[in-house]
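As stored in coords12.txt (compact mmCIF, C-alpha atoms):
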```txt
# COMPACT_ATOMS: atom_id res chain seq x y z
CA MET A 1036 -39.72 52.35 3.09
CA ASN A 1037 -40.38 56.10 3.30
CA THR A 1038 -42.70 57.50 0.66
CA THR A 1039 -43.35 60.90 -0.82
CA SER A 1040 -46.63 62.78 -0.34
CA ALA A 1041 -47.77 61.19 -3.60
CA GLY A 1042 -47.14 57.74 -2.19
CA ARG A 1043 -44.08 56.97 -4.31
CA PRO A 1044 -41.11 55.29 -2.59
CA ARG A 1045 -38.28 57.67 -1.86
CA PRO A 1046 -34.97 56.74 -3.51
CA PHE A 1047 -32.69 54.48 -1.48
CA VAL A 1048 -29.01 54.59 -2.35
CA LEU A 1049 -26.39 51.92 -1.63
CA VAL A 1050 -22.94 53.42 -2.23
CA ILE A 1051 -19.83 51.26 -1.98
CA LEU A 1052 -16.59 53.14 -1.41
CA ASP A 1053 -14.16 50.57 -2.75
CA GLY A 1054 -11.02 50.44 -0.62
CA TRP A 1055 -12.36 52.57 2.24
CA GLY A 1056 -11.48 51.03 5.59
CA ILE A 1057 -11.74 51.90 9.27
CA ASN A 1058 -8.49 51.96 11.22
CA PRO A 1059 -7.46 54.65 13.71
CA ARG A 1060 -3.76 54.18 12.96
CA LYS A 1061 -2.52 57.00 10.76
CA GLU A 1062 0.79 55.57 9.56
CA GLY A 1063 0.37 54.72 5.88
CA ASN A 1064 -3.38 55.30 6.20
CA ALA A 1065 -4.54 57.97 3.76
CA ILE A 1066 -8.16 57.70 4.90
CA ALA A 1067 -7.33 58.32 8.57
CA MET A 1068 -5.09 61.25 7.64
CA ALA A 1069 -7.49 62.87 5.18
CA ARG A 1070 -10.01 65.59 5.89
CA THR A 1071 -13.40 63.89 5.43
CA PRO A 1072 -16.11 66.30 6.63
CA ASN A 1073 -19.02 64.56 4.88
CA ILE A 1074 -18.18 61.10 6.21
CA ASP A 1075 -17.55 62.59 9.64
CA LYS A 1076 -20.96 64.30 9.59
CA LEU A 1077 -22.75 61.13 8.56
CA ALA A 1078 -21.04 59.16 11.32
CA ARG A 1079 -21.83 61.86 13.86
CA GLU A 1080 -25.50 62.33 13.04
CA TRP A 1081 -26.74 58.99 11.75
CA PRO A 1082 -26.78 55.38 13.02
CA HIS A 1083 -23.80 53.43 11.78
CA THR A 1084 -21.77 50.32 12.44
CA ALA A 1085 -18.60 48.61 11.23
CA VAL A 1086 -18.44 45.18 9.62
CA ARG A 1087 -15.50 42.85 9.13
CA THR A 1088 -14.46 42.49 5.50
CA SER A 1089 -11.71 39.89 5.68
CA GLY A 1090 -11.03 36.35 6.84
CA GLU A 1091 -13.74 33.99 7.97
CA ALA A 1092 -16.32 36.80 8.25
CA VAL A 1093 -16.57 36.88 4.45
CA GLY A 1094 -15.86 33.23 3.67
CA LEU A 1095 -12.07 33.46 3.38
CA PRO A 1096 -9.40 31.64 5.42
CA GLU A 1097 -8.52 33.21 8.74
CA GLY A 1098 -6.12 36.14 8.27
CA GLN A 1099 -6.70 36.45 4.51
CA MET A 1100 -7.39 40.01 3.40
CA GLY A 1101 -10.65 40.78 1.64
CA ASN A 1102 -11.00 42.42 -1.75
CA SER A 1103 -13.60 44.23 -3.82
CA GLU A 1104 -15.20 41.09 -5.27
CA VAL A 1105 -15.56 39.49 -1.86
CA GLY A 1106 -17.03 42.65 -0.37
CA HIS A 1107 -19.59 43.15 -3.12
CA GLN A 1108 -20.57 39.48 -3.06
CA ASN A 1109 -21.20 39.36 0.69
CA ILE A 1110 -23.10 42.66 0.65
CA GLY A 1111 -25.23 41.46 -2.25
CA ALA A 1112 -25.96 38.14 -0.55
CA GLY A 1113 -26.67 39.64 2.84
CA LYS A 1114 -24.85 36.74 4.45
CA ARG A 1115 -21.46 35.04 4.62
CA VAL A 1116 -20.53 33.52 1.25
CA LEU A 1117 -17.87 30.81 1.12
CA GLN A 1118 -15.29 32.13 -1.34
CA ASP A 1119 -13.69 30.27 -4.24
CA TYR A 1120 -10.25 30.56 -2.64
CA THR A 1121 -11.54 28.69 0.41
CA ARG A 1122 -13.41 26.06 -1.61
CA VAL A 1123 -10.37 25.23 -3.75
CA SER A 1124 -8.03 25.16 -0.74
CA GLU A 1125 -10.36 22.89 1.24
CA SER A 1126 -10.63 20.51 -1.72
CA ILE A 1127 -6.83 20.23 -1.77
CA ARG A 1128 -6.79 19.45 1.95
CA ASP A 1129 -9.49 16.77 1.73
CA GLY A 1130 -8.10 15.27 -1.49
CA SER A 1131 -11.16 15.86 -3.68
CA PHE A 1132 -9.13 18.31 -5.79
CA PHE A 1133 -7.20 15.37 -7.23
CA GLN A 1134 -10.43 13.69 -8.33
CA ASN A 1135 -11.93 16.82 -9.89
CA PRO A 1136 -13.57 15.75 -13.19
CA ALA A 1137 -12.64 18.90 -15.13
CA LEU A 1138 -8.99 18.75 -14.10
CA LEU A 1139 -8.84 15.04 -14.90
CA LYS A 1140 -10.23 15.75 -18.38
CA ALA A 1141 -7.21 17.96 -19.06
CA VAL A 1142 -4.87 15.21 -17.88
CA GLU A 1143 -6.65 12.58 -19.98
CA HIS A 1144 -6.56 14.87 -23.03
CA VAL A 1145 -2.78 15.26 -23.01
CA LYS A 1146 -2.24 11.58 -22.25
CA LYS A 1147 -4.43 10.62 -25.21
CA ASN A 1148 -2.69 13.07 -27.55
CA SER A 1149 0.84 12.68 -26.15
CA SER A 1150 0.78 16.46 -25.93
CA HIS A 1151 1.62 19.25 -23.48
CA LEU A 1152 -0.16 20.32 -20.31
CA HIS A 1153 -0.01 24.10 -19.86
CA ILE A 1154 -0.87 25.86 -16.61
CA CYS A 1155 -1.34 29.62 -16.40
CA GLY A 1156 -2.21 32.02 -13.61
CA LEU A 1157 -1.06 34.67 -11.18
CA LEU A 1158 2.13 33.83 -9.32
CA GLY A 1159 2.39 34.38 -5.57
CA ASN A 1160 0.48 34.18 -2.32
CA GLY A 1161 -1.68 37.31 -2.53
CA GLY A 1162 -4.83 35.20 -2.45
CA VAL A 1163 -6.97 37.77 -4.25
CA HIS A 1164 -6.98 36.22 -7.73
CA ALA A 1165 -4.94 33.06 -7.23
CA HIS A 1166 -2.66 31.30 -4.79
CA GLU A 1167 0.61 29.46 -5.22
CA SER A 1168 -0.71 26.46 -3.26
CA HIS A 1169 -3.27 25.84 -6.01
CA LEU A 1170 -0.55 25.85 -8.67
CA GLU A 1171 1.49 23.44 -6.57
CA ALA A 1172 -1.51 21.12 -6.29
CA LEU A 1173 -1.84 21.10 -10.09
CA LEU A 1174 1.81 20.13 -10.40
CA ARG A 1175 1.21 17.29 -7.95
CA LEU A 1176 -1.84 16.19 -9.94
CA ALA A 1177 0.19 16.06 -13.15
CA HIS A 1178 2.94 14.07 -11.43
CA MET A 1179 0.41 11.60 -9.99
CA HIS A 1180 -0.70 10.83 -13.55
CA ASP A 1181 2.81 10.69 -15.04
CA VAL A 1182 2.33 13.74 -17.24
CA GLU A 1183 5.90 14.47 -18.29
CA ARG A 1184 5.54 17.68 -20.30
CA VAL A 1185 4.13 20.39 -18.07
CA TYR A 1186 4.65 24.09 -18.81
CA ILE A 1187 3.82 27.10 -16.68
CA HIS A 1188 2.84 30.50 -18.01
CA ALA A 1189 3.41 32.72 -14.98
CA PHE A 1190 1.71 36.06 -14.50
CA THR A 1191 3.67 38.25 -12.10
CA ASP A 1192 1.69 40.27 -9.57
CA GLY A 1193 3.05 43.45 -7.98
CA ARG A 1194 -0.37 44.71 -6.83
CA ASP A 1195 -1.59 42.21 -4.26
CA SER A 1196 2.00 41.51 -3.23
CA SER A 1197 5.33 43.35 -3.28
CA PRO A 1198 6.17 45.09 -6.60
CA THR A 1199 9.41 43.10 -6.68
CA GLY A 1200 8.27 39.93 -4.93
CA GLY A 1201 8.00 38.04 -8.19
CA ILE A 1202 11.60 36.92 -8.33
CA GLU A 1203 11.39 35.17 -4.95
CA PHE A 1204 8.01 33.62 -5.81
CA MET A 1205 9.61 32.31 -9.01
CA ARG A 1206 12.54 30.81 -7.13
CA GLN A 1207 10.13 29.08 -4.76
CA LEU A 1208 8.03 27.80 -7.66
CA GLN A 1209 11.01 26.33 -9.47
CA ALA A 1210 12.25 24.67 -6.29
CA ARG A 1211 8.84 23.08 -5.63
CA ALA A 1212 8.48 22.04 -9.27
CA SER A 1213 11.82 20.20 -9.04
CA GLU A 1214 10.83 18.52 -5.79
CA ILE A 1215 7.50 17.36 -7.22
CA GLY A 1216 8.47 16.44 -10.77
CA GLY A 1217 12.07 15.31 -10.45
CA GLU A 1218 13.57 14.74 -13.89
CA HIS A 1219 10.21 15.66 -15.44
CA ALA A 1220 9.80 18.89 -13.48
CA ALA A 1221 7.46 21.49 -14.91
CA LYS A 1222 9.18 24.30 -16.79
CA VAL A 1223 8.25 27.96 -17.03
CA ALA A 1224 7.48 28.79 -20.66
CA THR A 1225 6.47 32.46 -20.41
CA VAL A 1226 6.45 35.27 -17.87
CA SER A 1227 3.96 38.15 -18.21
CA GLY A 1228 3.01 40.97 -15.90
CA ARG A 1229 -0.64 41.01 -14.88
CA TYR A 1230 -1.02 44.40 -16.60
CA TYR A 1231 -0.93 42.43 -19.86
CA ALA A 1232 -2.12 38.94 -18.93
CA MET A 1233 -5.02 39.95 -16.70
CA ASP A 1234 -6.55 43.02 -18.33
CA ARG A 1235 -10.30 43.26 -17.78
CA ASP A 1236 -11.14 46.53 -19.50
CA ASN A 1237 -11.16 45.53 -23.19
CA ARG A 1238 -7.56 46.55 -23.77
CA TRP A 1239 -7.24 43.63 -26.14
CA ASP A 1240 -3.83 44.73 -27.38
CA ARG A 1241 -2.43 43.76 -23.96
CA THR A 1242 -4.26 40.44 -24.01
CA GLY A 1243 -2.94 39.81 -27.50
CA MET A 1244 0.66 40.30 -26.42
CA THR A 1245 0.25 37.63 -23.74
CA TYR A 1246 -1.61 35.31 -26.11
CA PHE A 1247 1.05 35.52 -28.81
CA ALA A 1248 3.82 34.91 -26.28
CA MET A 1249 2.00 31.78 -25.12
CA THR A 1250 1.01 30.49 -28.56
CA LYS A 1251 3.64 31.76 -31.01
CA GLY A 1252 6.66 32.48 -28.86
CA GLU A 1253 6.51 36.17 -29.75
CA GLY A 1254 7.68 38.86 -27.37
CA GLU A 1255 10.66 39.60 -25.18
CA ARG A 1256 13.10 36.72 -24.71
CA ALA A 1257 15.10 35.33 -21.80
CA SER A 1258 17.07 32.17 -21.12
CA SER A 1259 15.27 31.54 -17.82
CA ALA A 1260 12.28 32.75 -15.85
CA ILE A 1261 14.59 34.36 -13.30
CA GLU A 1262 16.41 36.21 -16.08
CA ALA A 1263 13.07 37.39 -17.49
CA ILE A 1264 12.25 39.06 -14.20
CA GLN A 1265 15.76 40.37 -13.54
CA GLN A 1266 16.11 42.00 -16.95
CA SER A 1267 12.80 43.75 -16.34
CA TYR A 1268 13.94 45.03 -12.93
CA GLU A 1269 17.11 46.36 -14.56
CA LYS A 1270 14.85 48.58 -16.68
CA ASN A 1271 12.98 49.71 -13.53
CA VAL A 1272 9.91 47.75 -14.63
CA THR A 1273 8.32 45.93 -11.69
CA ASP A 1274 6.27 42.74 -11.57
CA GLU A 1275 2.90 44.11 -12.65
CA PHE A 1276 4.30 45.58 -15.86
CA ILE A 1277 6.74 42.90 -17.04
CA LEU A 1278 6.37 42.62 -20.81
CA PRO A 1279 5.26 39.17 -22.01
CA THR A 1280 8.54 37.26 -22.16
CA VAL A 1281 9.24 33.93 -23.84
CA ILE A 1282 11.71 31.55 -22.20
CA VAL A 1283 14.04 30.04 -24.80
CA GLU A 1284 16.40 27.07 -24.91
CA ASP A 1285 18.79 26.73 -27.85
CA SER A 1286 17.15 29.81 -29.40
CA HIS A 1287 13.71 28.17 -29.41
CA PRO A 1288 10.74 28.69 -27.09
CA VAL A 1289 10.57 26.12 -24.30
CA ALA A 1290 6.96 25.44 -25.32
CA VAL A 1291 3.97 27.09 -26.95
CA VAL A 1292 0.28 26.28 -26.64
CA LYS A 1293 -0.80 24.39 -29.75
CA ALA A 1294 -3.48 22.11 -31.15
CA GLY A 1295 -4.07 19.00 -29.06
CA ASP A 1296 -2.71 20.52 -25.84
CA ALA A 1297 -4.55 21.28 -22.61
CA LEU A 1298 -4.46 24.56 -20.70
CA ILE A 1299 -5.58 25.02 -17.09
CA HIS A 1300 -6.11 28.58 -15.88
CA TYR A 1301 -5.85 28.42 -12.10
CA ASN A 1302 -7.00 31.94 -11.20
CA PHE A 1303 -10.13 31.48 -9.11
CA ARG A 1304 -11.36 35.07 -9.41
CA PRO A 1305 -13.16 35.52 -12.74
CA ASP A 1306 -12.89 39.19 -13.65
CA ARG A 1307 -9.22 39.29 -14.64
CA ALA A 1308 -9.15 35.77 -16.07
CA ARG A 1309 -12.12 36.24 -18.39
CA GLN A 1310 -10.52 38.21 -21.23
CA LEU A 1311 -7.51 35.96 -21.81
CA THR A 1312 -9.77 32.92 -21.57
CA LYS A 1313 -11.98 34.33 -24.33
CA ALA A 1314 -8.88 34.74 -26.50
CA PHE A 1315 -8.36 30.97 -26.31
CA VAL A 1316 -11.90 29.58 -26.39
CA MET A 1317 -14.12 31.86 -28.48
CA LYS A 1318 -14.58 31.06 -32.16
CA GLU A 1319 -14.90 34.77 -32.90
CA LEU A 1320 -13.55 37.43 -30.56
CA PRO A 1321 -15.88 40.15 -29.23
CA PRO A 1322 -16.27 43.34 -31.30
CA GLU A 1323 -14.20 45.21 -28.70
CA ALA A 1324 -11.11 43.30 -29.85
CA LYS A 1325 -11.36 44.52 -33.44
CA GLY A 1326 -8.37 46.60 -34.46
CA LYS A 1327 -6.52 45.72 -31.26
CA PHE A 1328 -5.95 41.97 -31.46
CA ASP A 1329 -5.93 39.96 -34.68
CA ARG A 1330 -5.86 36.46 -33.23
CA GLY A 1331 -6.57 34.43 -36.33
CA PRO A 1332 -8.33 31.04 -36.11
CA ARG A 1333 -8.99 29.50 -32.72
CA ILE A 1334 -6.54 26.77 -31.68
CA GLU A 1335 -8.12 23.42 -32.54
CA ASP A 1336 -8.59 20.57 -30.06
CA LEU A 1337 -7.40 22.62 -27.09
CA LYS A 1338 -8.83 21.38 -23.79
CA TYR A 1339 -9.26 24.53 -21.69
CA VAL A 1340 -10.13 24.36 -18.00
CA MET A 1341 -11.20 27.35 -15.91
CA MET A 1342 -10.69 27.02 -12.16
CA THR A 1343 -14.09 28.69 -11.69
CA GLU A 1344 -16.74 29.77 -14.18
CA TYR A 1345 -15.30 33.01 -15.52
CA GLU A 1346 -18.41 33.65 -17.59
CA ALA A 1347 -21.45 31.56 -18.49
CA GLY A 1348 -21.42 30.02 -21.95
CA LEU A 1349 -17.67 29.88 -22.55
CA ASP A 1350 -16.47 26.77 -24.39
CA ALA A 1351 -14.35 25.47 -21.52
CA GLU A 1352 -14.46 23.06 -18.60
CA VAL A 1353 -15.18 24.43 -15.13
CA ALA A 1354 -13.36 22.88 -12.17
CA PHE A 1355 -15.28 24.60 -9.36
CA ARG A 1356 -18.76 25.96 -9.96
CA ALA A 1357 -19.98 28.74 -7.71
CA ASP A 1358 -22.48 28.25 -4.93
CA GLU A 1359 -25.42 30.23 -6.23
CA VAL A 1360 -26.86 32.97 -4.04
CA GLU A 1361 -30.57 32.41 -4.62
CA MET A 1362 -31.84 35.74 -3.31
CA PRO A 1363 -29.26 38.49 -3.84
CA LEU A 1364 -30.16 42.07 -3.07
CA ALA A 1365 -31.00 42.95 -6.68
CA ARG A 1366 -33.49 40.07 -6.91
CA VAL A 1367 -35.13 41.01 -3.61
CA ILE A 1368 -35.64 44.56 -4.90
CA SER A 1369 -36.94 43.31 -8.25
CA GLU A 1370 -39.42 40.86 -6.74
CA ALA A 1371 -40.70 43.63 -4.49
CA GLY A 1372 -41.79 45.41 -7.66
CA LEU A 1373 -39.28 48.23 -7.28
CA ARG A 1374 -37.06 49.70 -9.97
CA GLN A 1375 -33.29 49.82 -9.58
CA PHE A 1376 -30.32 51.36 -11.34
CA HIS A 1377 -26.77 49.99 -11.08
CA THR A 1378 -23.75 52.02 -12.16
CA ALA A 1379 -19.99 51.59 -11.94
CA GLU A 1380 -16.83 52.36 -13.88
CA THR A 1381 -16.10 49.91 -16.71
CA GLU A 1382 -13.61 47.87 -14.70
CA LYS A 1383 -16.20 47.31 -11.96
CA TYR A 1384 -19.20 46.36 -14.09
CA ALA A 1385 -19.11 42.78 -12.80
CA HIS A 1386 -19.19 43.99 -9.21
CA VAL A 1387 -22.63 45.59 -9.65
CA THR A 1388 -24.04 42.89 -11.94
CA TYR A 1389 -22.37 39.47 -11.80
CA PHE A 1390 -21.59 39.55 -8.08
```

Take the structure in the file and write it out as structure tokens.
Amino acid sequence: MNTTSAGRPRPFVLVILDGWGINPRKEGNAIAMARTPNIDKLAREWPHTAVRTSGEAVGLPEGQMGNSEVGHQNIGAGKRVLQDYTRVSESIRDGSFFQNPALLKAVEHVKKNSSHLHICGLLGNGGVHAHESHLEALLRLAHMHDVERVYIHAFTDGRDSSPTGGIEFMRQLQARASEIGGEHAAKVATVSGRYYAMDRDNRWDRTGMTYFAMTKGEGERASSAIEAIQQSYEKNVTDEFILPTVIVEDSHPVAVVKAGDALIHYNFRPDRARQLTKAFVMKELPPEAKGKFDRGPRIEDLKYVMMTEYEAGLDAEVAFRADEVEMPLARVISEAGLRQFHTAETEKYAHVTYF
């Protein structure tokens, strides 16, 4: 490392431009079309290279786009890191998914209590936070164990997939649920846009709206999941921003999460699953929720399963624990006796700490 005349190490800066890619095609490519004199100068005068940030190069399935978490994690590790999406998908293929102890605990809990199994997560095939194949596998698991009362709380996407793709994803989900469950097919109980269900920036009022839809049947109402999405489109509100909507039959919610039930959150990416999970599992909500979300007492005897560990110390089962990176960049710097400073906007704090 270069040093000053006084022998002190010169500062070394790692800057991550989230979303910046290299592609010479200009159509739909703001970066290629923009005037970027500083980047151009750096590329012209200094050594540089390009790295692949998607697919197998970063531990994802072939052809799967990368994302900010994946990029930060691989950079921090300095090597290819097998991603949660891949680990869950491979477990489904080899059958170990259906023997997963945490998932089986949820099944056993509802069988013992003659209660409801709830499943929540992002709907679609974007593969950034969740994937529809993982939801389908959970429905198959429930059917294998004769769980008859299964309810889905669907979070519509609109960011990692088409803004209006939710209605087709919902049709596909309901068709597969009928094929798998037959007369005991899983039902959709609520529909919420990810803007509300997956907030990660302490906007607890949004989290609260989703929570109360799931637990009290409060919010917008619709007679079917398809109607919930359609009535939102009619107001020019696309998937990401669909207000938490309760599906009703005979003027009553199809189902709400209550004491004795089990809830599996199948998002594999932690950052946007963490806040809603805390709403269900923490005895006392964080100070940031004060004045925004008055939850009341925590639901008793609720078996909560996280697909991955959204945060250490949460009172919930973990289906797939992360492969620890033993020597990430920050640790290497620390053990070399050097000081470091990490900074990011609030929504990206995990990317410069947790990852």

Original post:
How far is it from atom CA of A:Val1123 to atom CA of A:Phe1303, in Å with one decimal?
Top reply: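 If I compute the distance from atom CA of A:Val1123 to atom CA of A:Phe1303, I get 8.2 Å.
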
Original post:
atom CA of A:Val1283 to atom CA of A:Val1145: how many Å, to one decimal?
Top reply: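 Answer for the atom CA of A:Val1283 to atom CA of A:Val1145 separation: 22.5 Å.
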
**OP:** Identify, on the basis of only C-alpha atoms, every residue whose closest approach to stretch 1307-1311 of chain A does not exceed 10 Å; exclude the query and any residue fewer than 3 positions from it along the same chain; express the result as a ChimeraX atom specification.
**Re:** /A:1155-1157,1164,1229-1239,1241-1243,1245-1246,1300-1304,1314-1316,1320-1321,1341-1346,1349,1382

Original post:
For A:Arg1122, which residue among A:Leu1095, A:Gln1108, A:Lys1147, A:Leu1298 is the nearest when counting only C-alpha atoms?
Top reply: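 Nearest candidate to A:Arg1122 out of A:Leu1095, A:Gln1108, A:Lys1147, A:Leu1298: A:Leu1095.
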
**OP:** Rank A:Arg1356, A:Arg1175, A:Lys1140, A:Arg1043 by their smallest atom-to-atom distance to A:Pro1305, using only C-alpha atoms, and report the top residue only.
**Re:** A:Arg1356

Original post:
Which distance in Å separates atom CA of A:Tyr1339 and atom CA of A:Ala1351, to one decimal?
Top reply: 5.2 Å

Identify, on the basis of all atoms listed in the file, every residue whose closest approach to A:Ile1066 does not exceed 8 Å; exclude the query and any residue fewer than 2 positions from it along the same chain; express the result as a PDB file with C-alpha atoms, in the frame of the given file.
```pdb
ATOM      1  CA  TRP A1055     -12.360  52.570   2.240  1.00  0.00           C
ATOM      2  CA  GLY A1056     -11.480  51.030   5.590  1.00  0.00           C
ATOM      3  CA  ASN A1064      -3.380  55.300   6.200  1.00  0.00           C
ATOM      4  CA  MET A1068      -5.090  61.250   7.640  1.00  0.00           C
ATOM      5  CA  ALA A1069      -7.490  62.870   5.180  1.00  0.00           C
TER       6      ALA A1069
END
```

**OP:** Pull the neighbourhood of (-12.4, 39.3, 0.8) for me: all residues within 9 Å in file coordinates, counting all atoms listed in the file, as an MDAnalysis selection string.
**Re:** chainID A and resid 1088:1090 1092:1095 1099:1106 1109 1118 1163

Subject >> Residue among A:Leu1049, A:Leu1337, A:Ile1074, A:Val1142 lying closest to A:His1180, counting all atoms listed in the file >> reply: A:Val1142

Original post:
Counting all atoms listed in the file, which of A:Ala1085, A:Ala1212, A:Val1116, A:Ala1141 gets nearest to A:Asp1358?
Top reply: A:Val1116
